[in-house]
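Note: the block below is target24.txt and it holds compact mmCIF, C-alpha atoms and all ligand atoms.
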```txt
# COMPACT_ATOMS: atom_id res chain seq x y z
CA MET A 1 13.84 1.78 16.73
CA ALA A 2 11.75 1.15 13.61
CA GLY A 3 13.71 2.48 10.63
CA PRO A 4 12.40 5.32 8.43
CA GLY A 5 11.41 2.83 5.70
CA LEU A 6 9.12 0.96 8.03
CA ALA A 7 7.71 4.13 9.56
CA SER A 8 6.91 5.58 6.15
CA ARG A 9 5.23 2.34 5.04
CA PHE A 10 2.97 2.63 8.09
CA GLN A 11 2.35 6.30 7.30
CA HIS A 12 1.44 5.63 3.63
CA ARG A 13 -1.01 2.90 4.60
CA PHE A 14 -2.53 4.87 7.46
CA LEU A 15 -3.09 8.02 5.37
CA ALA A 16 -4.58 6.07 2.46
CA ALA A 17 -6.97 4.30 4.89
CA ARG A 18 -5.75 0.85 3.80
CA GLN A 19 -6.97 -2.24 5.60
CA LEU A 20 -5.17 -2.87 8.92
CA ARG A 21 -4.13 -6.35 7.81
CA SER A 22 -2.05 -4.81 5.00
CA PHE A 23 0.20 -2.98 7.52
CA PRO A 24 3.69 -4.46 8.06
CA TRP A 25 2.90 -5.67 11.61
CA PRO A 26 5.29 -8.68 11.72
CA GLU A 27 8.20 -6.46 10.73
CA LEU A 28 7.29 -3.93 13.42
CA GLU A 29 7.08 -6.64 16.03
CA GLN A 30 10.41 -8.06 14.93
CA ASN A 31 11.89 -4.58 15.03
CA LEU A 32 10.58 -3.90 18.51
CA ARG A 33 11.93 -7.19 19.81
CA THR A 34 15.39 -7.00 18.30
CA SER A 35 16.38 -3.36 18.20
CA PRO A 36 17.93 -2.05 21.41
CA ASP A 37 16.45 1.41 20.69
CA SER A 38 12.94 0.03 20.97
CA SER A 39 13.21 -0.48 24.71
CA LEU A 40 11.34 2.74 25.30
CA LEU A 41 8.40 1.64 23.12
CA VAL A 42 8.28 -1.77 24.77
CA ASP A 43 8.36 -0.05 28.12
CA ILE A 44 5.46 2.20 27.15
CA LEU A 45 3.40 -0.77 25.99
CA HIS A 46 4.20 -2.66 29.15
CA LYS A 47 3.26 0.29 31.32
CA HIS A 48 -0.01 0.68 29.45
CA GLU A 49 -0.95 -2.95 30.01
CA SER A 50 -0.10 -3.03 33.69
CA THR A 51 -1.45 0.37 34.65
CA ALA A 52 -3.48 0.38 37.83
CA ALA A 53 -5.12 3.70 37.02
CA GLU A 54 -8.88 3.86 36.45
CA PRO A 55 -9.66 3.89 32.72
CA LEU A 56 -10.88 7.27 31.56
CA ASP A 57 -14.71 7.36 31.50
CA GLU A 58 -14.76 9.89 28.66
CA LEU A 59 -12.72 7.51 26.54
CA TYR A 60 -15.27 4.74 26.95
CA ASP A 61 -18.19 7.12 26.35
CA THR A 62 -16.64 8.33 23.10
CA LEU A 63 -15.94 4.77 22.01
CA ALA A 64 -19.56 3.84 22.69
CA ASP A 65 -20.76 6.86 20.65
CA ILE A 66 -18.60 5.82 17.73
CA LEU A 67 -19.78 2.21 17.86
CA ASN A 68 -23.44 3.28 18.00
CA GLU A 69 -23.12 5.68 15.11
CA GLU A 70 -24.81 4.96 11.80
CA GLU A 71 -22.48 3.19 9.44
CA THR A 72 -20.49 5.77 7.58
CA THR A 73 -20.76 5.92 3.78
CA HIS A 74 -17.69 8.07 3.12
CA CYS A 75 -14.12 8.30 4.29
CA TYR A 76 -11.16 10.56 3.62
CA LYS A 77 -8.07 9.08 1.99
CA ASN A 78 -4.68 10.75 1.60
CA TYR A 79 -2.34 9.65 -1.17
CA LEU A 80 1.27 10.83 -0.68
CA LEU A 81 2.99 12.15 -3.79
CA PRO A 82 6.76 11.95 -4.40
CA THR A 83 6.89 15.75 -4.05
CA GLY A 84 5.84 15.40 -0.39
CA ASP A 85 2.44 16.91 -1.20
CA CYS A 86 -0.65 14.72 -1.04
CA VAL A 87 -4.01 14.22 -2.73
CA THR A 88 -6.88 14.15 -0.24
CA LEU A 89 -10.14 12.63 -1.40
CA SER A 90 -13.55 12.04 0.05
CA GLU A 91 -14.42 8.56 -1.22
CA SER A 92 -17.25 6.13 -0.82
CA VAL A 93 -16.54 3.11 1.37
CA ALA A 94 -18.53 0.86 -1.03
CA ILE A 95 -17.28 -0.24 -4.45
CA ILE A 96 -20.66 0.54 -5.99
CA SER A 97 -22.86 3.22 -4.44
CA GLY A 98 -25.61 5.44 -5.81
CA GLY A 99 -25.65 3.16 -8.87
CA THR A 100 -22.11 4.09 -9.95
CA THR A 101 -18.58 2.72 -9.75
CA GLY A 102 -17.28 6.28 -9.92
CA LEU A 103 -17.14 7.15 -6.20
CA ILE A 104 -13.90 5.34 -5.36
CA THR A 105 -10.38 5.43 -6.79
CA TRP A 106 -9.57 2.36 -8.90
CA ASP A 107 -6.15 0.72 -9.34
CA ALA A 108 -5.98 1.76 -13.00
CA ALA A 109 -6.13 5.39 -11.84
CA LEU A 110 -3.18 4.82 -9.47
CA HIS A 111 -1.24 3.09 -12.25
CA LEU A 112 -1.97 5.80 -14.84
CA THR A 113 -0.90 8.46 -12.35
CA GLU A 114 2.41 6.70 -11.61
CA TRP A 115 3.09 6.66 -15.34
CA ALA A 116 2.06 10.33 -15.66
CA ILE A 117 4.42 11.40 -12.86
CA GLU A 118 7.26 9.54 -14.59
CA THR A 119 6.30 11.02 -17.99
CA SER A 120 5.28 14.52 -16.90
CA ALA A 121 6.51 16.15 -20.15
CA VAL A 122 3.44 14.66 -21.89
CA PHE A 123 1.23 16.91 -19.72
CA SER A 124 3.41 19.93 -19.07
CA ASN A 125 1.88 23.15 -20.41
CA ARG A 126 -0.82 21.29 -22.38
CA THR A 127 -4.61 21.01 -22.30
CA VAL A 128 -5.60 17.64 -20.87
CA LEU A 129 -9.08 16.11 -21.14
CA GLU A 130 -9.85 13.24 -18.78
CA LEU A 131 -12.77 10.93 -19.58
CA GLY A 132 -14.71 9.23 -16.77
CA SER A 133 -12.69 11.11 -14.15
CA GLY A 134 -14.61 9.63 -11.23
CA ILE A 135 -13.82 11.51 -8.03
CA GLY A 136 -10.64 13.03 -9.40
CA PHE A 137 -7.54 11.23 -8.14
CA THR A 138 -5.60 11.14 -11.43
CA GLY A 139 -6.43 14.70 -12.42
CA ILE A 140 -5.68 16.25 -9.05
CA ALA A 141 -2.36 14.38 -8.84
CA ILE A 142 -1.42 15.48 -12.39
CA CYS A 143 -2.34 19.09 -11.58
CA LYS A 144 -0.09 18.92 -8.50
CA THR A 145 2.89 17.28 -10.21
CA CYS A 146 2.88 17.71 -14.02
CA ASN A 147 2.13 21.40 -14.60
CA PRO A 148 -0.63 21.14 -17.25
CA LYS A 149 -1.92 24.38 -18.79
CA THR A 150 -5.59 23.36 -18.52
CA TYR A 151 -7.08 20.23 -17.00
CA ILE A 152 -10.63 19.27 -17.99
CA PHE A 153 -12.23 16.67 -15.71
CA SER A 154 -15.30 14.97 -17.18
CA ASP A 155 -17.89 12.39 -16.19
CA TYR A 156 -21.59 11.87 -16.76
CA HIS A 157 -22.91 10.79 -13.38
CA PRO A 158 -24.40 13.62 -11.24
CA CYS A 159 -23.21 12.19 -7.87
CA VAL A 160 -19.72 11.63 -9.27
CA LEU A 161 -19.57 15.18 -10.65
CA LYS A 162 -20.64 16.57 -7.26
CA GLN A 163 -18.04 14.56 -5.33
CA LEU A 164 -15.38 15.39 -7.93
CA THR A 165 -16.03 19.13 -7.54
CA GLU A 166 -15.85 18.82 -3.76
CA ASN A 167 -12.54 16.94 -3.95
CA ILE A 168 -10.97 19.48 -6.31
CA ARG A 169 -11.80 22.27 -3.85
CA LEU A 170 -10.61 20.13 -0.93
CA ASN A 171 -7.18 20.08 -2.58
CA GLY A 172 -6.98 23.86 -2.76
CA PHE A 173 -7.85 24.36 -6.44
CA ALA A 174 -10.41 26.82 -7.74
CA LEU A 175 -12.62 25.84 -10.65
CA GLU A 176 -13.47 27.90 -13.69
CA PRO A 177 -15.32 30.28 -13.74
CA GLU A 178 -14.34 30.95 -10.09
CA THR A 179 -10.71 31.31 -11.19
CA THR A 180 -11.60 34.17 -13.52
CA GLN A 181 -13.57 35.89 -10.76
CA GLN A 182 -10.47 36.23 -8.60
CA PRO A 183 -9.09 39.75 -8.14
CA PRO A 184 -6.80 40.93 -10.97
CA THR A 185 -3.18 39.92 -10.47
CA GLU A 186 -2.07 43.55 -9.90
CA SER A 187 -4.01 43.66 -6.64
CA LEU A 188 -2.41 40.46 -5.34
CA GLY A 189 0.78 40.29 -3.28
CA GLN A 190 3.99 38.90 -4.79
CA GLU A 191 3.46 35.51 -3.23
CA ALA A 192 -0.11 35.20 -4.51
CA LYS A 193 1.01 36.28 -7.96
CA ALA A 194 3.59 33.54 -8.07
CA THR A 195 1.11 30.91 -6.87
CA ASN A 196 -1.51 32.06 -9.34
CA TYR A 197 0.93 31.82 -12.19
CA GLN A 198 1.82 28.22 -11.32
CA LYS A 199 -1.75 26.97 -11.04
CA PRO A 200 -3.34 25.26 -14.02
CA LYS A 201 -6.84 26.17 -15.13
CA LEU A 202 -9.25 23.49 -13.90
CA ILE A 203 -12.61 22.73 -15.49
CA VAL A 204 -15.27 20.16 -14.63
CA THR A 205 -17.64 19.28 -17.43
CA GLU A 206 -20.52 16.88 -17.86
CA LEU A 207 -19.65 14.66 -20.80
CA ASP A 208 -21.58 11.53 -21.72
CA TRP A 209 -19.78 9.48 -24.41
CA GLY A 210 -23.13 8.26 -25.73
CA SER A 211 -24.62 11.69 -26.41
CA VAL A 212 -21.74 14.18 -26.66
CA THR A 213 -21.81 16.27 -29.85
CA GLU A 214 -18.91 17.11 -32.17
CA LYS A 215 -19.44 20.80 -31.35
CA GLN A 216 -19.02 20.12 -27.60
CA LEU A 217 -15.83 18.20 -28.31
CA SER A 218 -14.36 20.75 -30.70
CA ASP A 219 -14.85 23.46 -28.03
CA LEU A 220 -12.55 21.55 -25.66
CA GLN A 221 -9.49 21.39 -27.99
CA PRO A 222 -7.44 18.93 -25.91
CA ASP A 223 -3.77 18.16 -26.65
CA VAL A 224 -3.89 15.01 -24.52
CA ILE A 225 -6.78 12.71 -23.59
CA ILE A 226 -6.55 10.24 -20.73
CA ALA A 227 -8.88 7.81 -18.98
CA ALA A 228 -8.59 5.12 -16.30
CA ASP A 229 -10.79 2.07 -15.89
CA VAL A 230 -13.39 3.07 -18.46
CA VAL A 231 -13.30 -0.15 -20.49
CA TYR A 232 -15.30 -2.68 -18.55
CA ASP A 233 -18.30 -3.78 -20.55
CA PRO A 234 -19.16 -4.13 -24.24
CA GLU A 235 -21.80 -1.38 -24.26
CA ILE A 236 -19.38 1.11 -22.73
CA ILE A 237 -16.67 0.12 -25.22
CA LEU A 238 -18.88 1.03 -28.18
CA ALA A 239 -19.89 4.40 -26.68
CA LEU A 240 -16.26 5.21 -25.88
CA ILE A 241 -15.02 4.32 -29.34
CA GLY A 242 -17.88 6.25 -30.96
CA MET A 243 -16.82 9.31 -28.98
CA LEU A 244 -13.16 8.90 -29.98
CA GLN A 245 -14.26 8.84 -33.62
CA LYS A 246 -16.21 12.08 -33.08
CA LEU A 247 -13.14 13.60 -31.47
CA SER A 248 -11.07 12.62 -34.44
CA SER A 249 -13.47 14.26 -36.91
CA SER A 250 -14.06 17.40 -34.78
CA ARG A 251 -10.46 18.50 -34.63
CA ALA A 252 -10.44 20.29 -38.01
CA ASP A 253 -6.85 21.13 -38.96
CA ARG A 254 -5.37 20.70 -35.50
CA LYS A 255 -2.79 18.12 -34.60
CA PRO A 256 -4.62 15.03 -33.27
CA PRO A 257 -4.62 14.71 -29.49
CA GLU A 258 -2.52 11.99 -27.87
CA VAL A 259 -4.78 9.41 -26.21
CA TYR A 260 -3.79 7.18 -23.26
CA ILE A 261 -6.21 4.74 -21.67
CA ALA A 262 -5.37 2.64 -18.61
CA PHE A 263 -7.39 -0.39 -17.78
CA THR A 264 -7.43 -3.32 -15.46
CA ILE A 265 -7.73 -6.59 -17.35
CA ARG A 266 -10.38 -8.41 -15.34
CA ASN A 267 -11.83 -10.33 -18.25
CA PRO A 268 -9.49 -10.97 -21.23
CA ASP A 269 -12.55 -11.14 -23.56
CA THR A 270 -13.38 -7.49 -22.78
CA TYR A 271 -9.76 -6.48 -23.39
CA HIS A 272 -9.74 -8.30 -26.75
CA LEU A 273 -13.12 -6.90 -27.71
CA PHE A 274 -11.74 -3.41 -27.17
CA HIS A 275 -8.79 -4.17 -29.48
CA ALA A 276 -11.10 -5.70 -32.10
CA GLU A 277 -13.46 -2.69 -32.05
CA LEU A 278 -10.53 -0.28 -32.36
CA ASP A 279 -9.21 -2.27 -35.32
CA LYS A 280 -12.68 -2.30 -36.90
CA VAL A 281 -12.88 1.52 -36.95
CA GLY A 282 -9.23 1.92 -37.93
CA ILE A 283 -7.91 3.38 -34.67
CA ARG A 284 -4.30 2.18 -34.28
CA TRP A 285 -3.02 1.40 -30.78
CA HIS A 286 0.05 0.19 -28.94
CA VAL A 287 0.81 -0.92 -25.40
CA ILE A 288 2.90 1.50 -23.31
CA PRO A 289 5.78 -0.43 -21.69
CA ALA A 290 5.29 -0.97 -17.95
CA HIS A 291 6.78 1.79 -15.78
CA SER A 292 9.27 1.15 -13.04
CA ASN A 293 8.17 3.49 -10.25
CA SER A 294 5.81 2.23 -7.61
CA ILE A 295 4.41 5.17 -5.68
CA PHE A 296 0.95 4.14 -4.53
CA LEU A 297 -0.37 1.14 -2.63
CA TYR A 298 -2.19 -1.80 -4.13
CA ASP A 299 -3.73 -4.70 -2.19
CA MET A 300 -2.48 -7.00 -4.90
CA GLN A 301 -0.41 -5.98 -7.92
CA PRO A 302 -3.19 -5.26 -10.44
CA ASN A 303 -3.15 -6.42 -14.03
CA VAL A 304 -3.22 -2.93 -15.54
CA THR A 305 -2.19 -1.89 -19.04
CA ILE A 306 -1.92 1.53 -20.62
CA LEU A 307 -2.76 1.77 -24.32
CA GLN A 308 -1.84 4.70 -26.52
CA LEU A 309 -4.44 5.21 -29.25
CA PHE A 310 -3.80 7.08 -32.50
CA ILE A 311 -7.01 8.86 -33.52
C1 LIG A 401 -14.71 2.43 -12.84
S1 LIG A 401 -15.02 4.14 -12.75
C2 LIG A 401 -13.38 4.82 -12.94
C3 LIG A 401 -13.22 6.15 -12.25
C4 LIG A 401 -11.80 6.71 -12.27
N1 LIG A 401 -11.35 6.98 -13.61
C5 LIG A 401 -10.85 5.73 -11.58
O1 LIG A 401 -10.18 4.97 -12.31
O2 LIG A 401 -10.78 5.72 -10.36
C6 LIG A 401 -15.75 4.49 -14.37
C7 LIG A 401 -16.16 5.95 -14.56
O3 LIG A 401 -16.62 6.12 -15.91
C8 LIG A 401 -17.78 6.92 -15.89
N2 LIG A 401 -18.60 6.59 -17.09
C9 LIG A 401 -19.16 5.40 -17.40
N3 LIG A 401 -19.86 5.49 -18.54
C10 LIG A 401 -19.75 6.77 -18.97
C11 LIG A 401 -20.26 7.50 -20.09
N4 LIG A 401 -21.05 6.92 -21.01
N5 LIG A 401 -19.92 8.79 -20.22
C12 LIG A 401 -19.11 9.39 -19.31
N6 LIG A 401 -18.60 8.77 -18.21
C13 LIG A 401 -18.93 7.48 -18.05
C14 LIG A 401 -18.48 6.56 -14.58
O4 LIG A 401 -19.38 7.57 -14.14
C15 LIG A 401 -17.29 6.38 -13.63
O5 LIG A 401 -16.94 7.58 -12.99
```
Output the file's structure in the form of structure tokens.
Amino acid sequence: MAGPGLASRFQHRFLAARQLRSFPWPELEQNLRTSPDSSLLVDILHKHESTAAEPLDELYDTLADILNEEETTHCYKNYLLPTGDCVTLSESVAIISGGTTGLITWDAALHLTEWAIETSAVFSNRTVLELGSGIGFTGIAICKTCNPKTYIFSDYHPCVLKQLTENIRLNGFALEPETTQQPPTESLGQEAKATNYQKPKLIVTELDWGSVTEKQLSDLQPDVIIAADVVYDPEIILALIGMLQKLSSSRADRKPPEVYIAFTIRNPDTYHLFHAELDKVGIRWHVIPAHSNSIFLYDMQPNVTILQLFI
């Protein structure tokens, strides 16, 4: 019989809607051929192939309906967390749709989340602001595993913000101000009280790095700022750095927030430009050492780095 390791690798890939060719088929075949316990499975397959029964008409009709359907633009993906819980997201099937890259989950988001799960003390009981959240993978996973006090998702694209809100609800979280409209804790049962107490406060806000004001930023008061895959072209780099400078000057006497940015190095020139622009405005940075845990699936191991910035 296929061992639990193999079964769970199939499960992870299936739930995350990975491409069929990335499934460990050769190992399964090998397992079925060699393991004596697999005789039942082989038997079932054999029976299926040689069955003399009439194929079910309904089955063919349904298949025809599916094949004739308009091409779907969205799919649901499930990302298993080490806690046994999972993050379920409605994602676009195209890398760019509606003029944005924000409707899918990028590798840098997976990588940043793996690091966050390993370093959960950074987030525990703190106010976290995420920039360019996209459809919410990192934030939802952090809310489920790292116990933040408040998690502020942000983005500037209307379709992304809509999908993000839908995904947050899909994962069982209520958004402010809905959270405050819930019945007072006294009227809730013991179980609900306990659950309520555990849940972080979640906020979705429209935040455009190019036009955000210092006042808007100082209202947010984050302890930690994170972002994944937001450094990908020179124009964006300047807007992002400009916003970090505003954040730095809007914090009055508070301790500066910790800033962590994960990005995939596709073009080394862009990566170096980011460093050069940070140096130009006097924002110090260092590379976070690579983490050891590998929780999520990548088609190829991505070239992702996490930088800590000191603003
Ligand atoms: C490549 S996607 C990354 C999404 C998500 N963080 C991930 O890694 O899966 C870049 C995101 O940055 C957002 N973005 C780009 N420019 C922005 C700006 N000026 N202000 C706010 N968000 C911006 C986009 O809307 C998009 O959601």
Go through chain A residue by residue and, counting all atoms listed in the file, keep those with an atom at most 6 Å from ligand LIG 401 (chain A); for each kept residue give the shortest atom pair and its distance in Å to one decimal, ordered by chain and increasing number, as a tab-separated table.
```
residue	atom	partner	partner_atom	distance
A:Thr101	CA	A:LIG401	S1	4.9
A:Gly102	CA	A:LIG401	O5	3.4
A:Ile104	CA	A:LIG401	O2	5.9
A:Thr105	CA	A:LIG401	O2	3.6
A:Trp106	CA	A:LIG401	O2	3.9
A:Ala108	CA	A:LIG401	O1	5.3
A:Ala109	CA	A:LIG401	O1	4.1
A:Gly132	CA	A:LIG401	O3	3.7
A:Ser133	CA	A:LIG401	N1	4.4
A:Gly134	CA	A:LIG401	O5	3.6
A:Asp155	CA	A:LIG401	N6	4.2
A:Tyr156	CA	A:LIG401	C12	4.3
A:His157	CA	A:LIG401	O4	4.8
A:Leu207	CA	A:LIG401	C12	5.5
A:Asp208	CA	A:LIG401	N5	3.5
A:Trp209	CA	A:LIG401	N5	4.2
A:Gly210	CA	A:LIG401	N4	5.3
A:Ala227	CA	A:LIG401	N1	6.0
A:Ala228	CA	A:LIG401	N1	4.3
A:Asp229	CA	A:LIG401	O1	4.6
A:Val230	CA	A:LIG401	C6	4.9
```
task: Considering all atoms listed in the file, state which residue in the set A:Asp85, A:Val231, A:Tyr298, A:Val304 is at the smallest distance from Ser22 (chain A).
output: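 Looking only at the distances to Ser22 (chain A), the closest residue turns out to be A:Tyr298.
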query: Looking at A:Leu238, A:Ile295, A:Ile226, A:Val281, which one is nearest to Pro257 (chain A), with distances taken over only C-alpha atoms?
result: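 With only C-alpha atoms as the atom set, the closest residue is A:Ile226.
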query: Which one is closest to Lys77 (chain A): A:Glu27, A:Glu176, A:Glu91, A:Glu206? Count only C-alpha atoms.
result: A:Glu91
What box, with edges along x, y and z, holds each listed atom of region 142-158 of chain A when 4 Å is added on every side, and can you state its centre and edge lengths in Å to one decimal, as JSON?
```
{"center_x": -10.8, "center_y": 17.6, "center_z": -13.6, "size_x": 35.3, "size_y": 21.6, "size_z": 18.3}
```
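Proximity ranking of A:Ile288, A:Leu161, A:Leu131, A:Leu202 relative to Ile306 (chain A) places A:Ile288 first, based on only C-alpha atoms.
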Nearest-residue call for Pro256 (chain A), choices A:Ile117, A:Cys146, A:Ala94, A:Leu309, using only C-alpha atoms: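 The shortest atom-to-atom distance to Pro256 (chain A) comes from A:Leu309.
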- line: Students should find that CA of Leu110 (chain A) and CA of Ile311 (chain A) are spaced 24.7 Å
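Between CA of Asn303 (chain A) and CA of Met243 (chain A) there is a distance of 25.6 Å.
Here CA of Gln30 (chain A) and CA of Leu80 (chain A) stand 26.2 Å from one another.
With distances restricted to all atoms listed in the file, A:Val224 is the closest residue to Phe310 (chain A) from A:Ala7, A:Val224, A:Leu20, A:Ile95.
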task: Write out as a PyMOL selection string which residues come within 8 Å of Leu175 (chain A) when counting only C-alpha atoms, dropping same-chain ones fewer than 2 positions away.
output: chain A and resi 168-169+173+177-179+201-204
- prompt: Which residues, written as a PyMOL selection string, have at least one atom at most 9 Å from Phe23 (chain A), with all atoms listed in the file counted and residues fewer than 5 positions away on the same chain left out?
  reply: chain A and resi 9-10+13-14+18
Residue selection dump (C-alpha atoms) as a PDB file, keeping the file's coordinate frame:
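Final output, out.pdb:
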```pdb
ATOM      1  CA  ARG A   9       5.230   2.340   5.040  1.00  0.00           C
ATOM      2  CA  PHE A  10       2.970   2.630   8.090  1.00  0.00           C
ATOM      3  CA  ARG A  13      -1.010   2.900   4.600  1.00  0.00           C
ATOM      4  CA  PHE A  14      -2.530   4.870   7.460  1.00  0.00           C
ATOM      5  CA  ARG A  18      -5.750   0.850   3.800  1.00  0.00           C
TER       6      ARG A  18
END
```
Restrict the calculation to all atoms listed in the file, then for each residue of region 234-293 of chain A with any atom at most 12 Å from an atom of region 118-128 of chain A give the closest atom pair and their distance in Å to one decimal, rows by chain and rising residue number, as CSV.
```
residue,atom,partner,partner_atom,distance
A:Pro257,CA,A:Val128,CA,9.2
A:Glu258,CA,A:Val122,CA,8.9
A:Val259,CA,A:Val128,CA,9.8
A:Tyr260,CA,A:Val122,CA,10.5
A:Ile288,CA,A:Thr119,CA,11.4
A:Ala290,CA,A:Glu118,CA,11.2
A:His291,CA,A:Glu118,CA,7.9
A:Ser292,CA,A:Glu118,CA,8.8
A:Asn293,CA,A:Glu118,CA,7.5
```
Would you put the residues from that selection into a file with C-alpha atoms, as a PDB file, in the coordinates of the input?
```
ATOM      1  CA  PRO A 257      -4.620  14.710 -29.490  1.00  0.00           C
ATOM      2  CA  GLU A 258      -2.520  11.990 -27.870  1.00  0.00           C
ATOM      3  CA  VAL A 259      -4.780   9.410 -26.210  1.00  0.00           C
ATOM      4  CA  TYR A 260      -3.790   7.180 -23.260  1.00  0.00           C
ATOM      5  CA  ILE A 288       2.900   1.500 -23.310  1.00  0.00           C
ATOM      6  CA  ALA A 290       5.290  -0.970 -17.950  1.00  0.00           C
ATOM      7  CA  HIS A 291       6.780   1.790 -15.780  1.00  0.00           C
ATOM      8  CA  SER A 292       9.270   1.150 -13.040  1.00  0.00           C
ATOM      9  CA  ASN A 293       8.170   3.490 -10.250  1.00  0.00           C
TER      10      ASN A 293
END
```
task: Counting only C-alpha atoms, find the residues whose atoms lie at most 8 Å from (-4.1, 2.8, -33.9) (file coordinates) and write them out as a list in words.
output: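 Protein and nucleic acid residues near the point are Leu278, Asp279, Gly282, Ile283, Arg284, Trp285, His286, Gln308, Leu309, Phe310 and Ile311 of chain A.
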Keeping C-alpha atoms for every residue in the selection just given, could you write it to a file as a PDB file, in the coordinates of the input?
```pdb
ATOM      1  CA  LEU A 278     -10.530  -0.280 -32.360  1.00  0.00           C
ATOM      2  CA  ASP A 279      -9.210  -2.270 -35.320  1.00  0.00           C
ATOM      3  CA  GLY A 282      -9.230   1.920 -37.930  1.00  0.00           C
ATOM      4  CA  ILE A 283      -7.910   3.380 -34.670  1.00  0.00           C
ATOM      5  CA  ARG A 284      -4.300   2.180 -34.280  1.00  0.00           C
ATOM      6  CA  TRP A 285      -3.020   1.400 -30.780  1.00  0.00           C
ATOM      7  CA  HIS A 286       0.050   0.190 -28.940  1.00  0.00           C
ATOM      8  CA  GLN A 308      -1.840   4.700 -26.520  1.00  0.00           C
ATOM      9  CA  LEU A 309      -4.440   5.210 -29.250  1.00  0.00           C
ATOM     10  CA  PHE A 310      -3.800   7.080 -32.500  1.00  0.00           C
ATOM     11  CA  ILE A 311      -7.010   8.860 -33.520  1.00  0.00           C
TER      12      ILE A 311
END
```
task: Find the spatial neighbours of Thr88 (chain A), counting only C-alpha atoms, within a cut-off of 9 Å - ignore same-chain residues fewer than 4 positions away - and output them as JSON, numbers by chain.
output: {"A": [16, 76, 77, 78, 79, 80, 137, 167, 170, 171]}
Region 232-243 of chain A rebuilt with N, CA and C atoms, output as a JSON list (two decimals), in the coordinates of the input:
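Generated file (part02.json):
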```json
[["chain", "number", "residue", "atom", "x", "y", "z"],
["A", 232, "TYR", "N", -14.96, -1.53, -19.36],
["A", 232, "TYR", "CA", -15.30, -2.68, -18.55],
["A", 232, "TYR", "C", -16.54, -3.43, -18.99],
["A", 233, "ASP", "N", -17.27, -2.90, -19.98],
["A", 233, "ASP", "CA", -18.30, -3.78, -20.55],
["A", 233, "ASP", "C", -18.55, -3.41, -22.00],
["A", 234, "PRO", "N", -19.08, -4.34, -22.80],
["A", 234, "PRO", "CA", -19.16, -4.13, -24.24],
["A", 234, "PRO", "C", -19.93, -2.87, -24.64],
["A", 235, "GLU", "N", -21.01, -2.56, -23.90],
["A", 235, "GLU", "CA", -21.80, -1.38, -24.26],
["A", 235, "GLU", "C", -20.97, -0.10, -24.11],
["A", 236, "ILE", "N", -20.22, -0.06, -23.01],
["A", 236, "ILE", "CA", -19.38, 1.11, -22.73],
["A", 236, "ILE", "C", -18.29, 1.25, -23.79],
["A", 237, "ILE", "N", -17.74, 0.10, -24.21],
["A", 237, "ILE", "CA", -16.67, 0.12, -25.22],
["A", 237, "ILE", "C", -17.16, 0.81, -26.50],
["A", 238, "LEU", "N", -18.38, 0.46, -26.93],
["A", 238, "LEU", "CA", -18.88, 1.03, -28.18],
["A", 238, "LEU", "C", -19.10, 2.54, -28.05],
["A", 239, "ALA", "N", -19.66, 2.96, -26.89],
["A", 239, "ALA", "CA", -19.89, 4.40, -26.68],
["A", 239, "ALA", "C", -18.56, 5.15, -26.66],
["A", 240, "LEU", "N", -17.58, 4.57, -25.99],
["A", 240, "LEU", "CA", -16.26, 5.21, -25.88],
["A", 240, "LEU", "C", -15.60, 5.35, -27.25],
["A", 241, "ILE", "N", -15.65, 4.28, -28.03],
["A", 241, "ILE", "CA", -15.02, 4.32, -29.34],
["A", 241, "ILE", "C", -15.76, 5.29, -30.27],
["A", 242, "GLY", "N", -17.09, 5.31, -30.16],
["A", 242, "GLY", "CA", -17.88, 6.25, -30.96],
["A", 242, "GLY", "C", -17.45, 7.68, -30.65],
["A", 243, "MET", "N", -17.21, 7.96, -29.36],
["A", 243, "MET", "CA", -16.82, 9.31, -28.98],
["A", 243, "MET", "C", -15.41, 9.64, -29.50]]
```
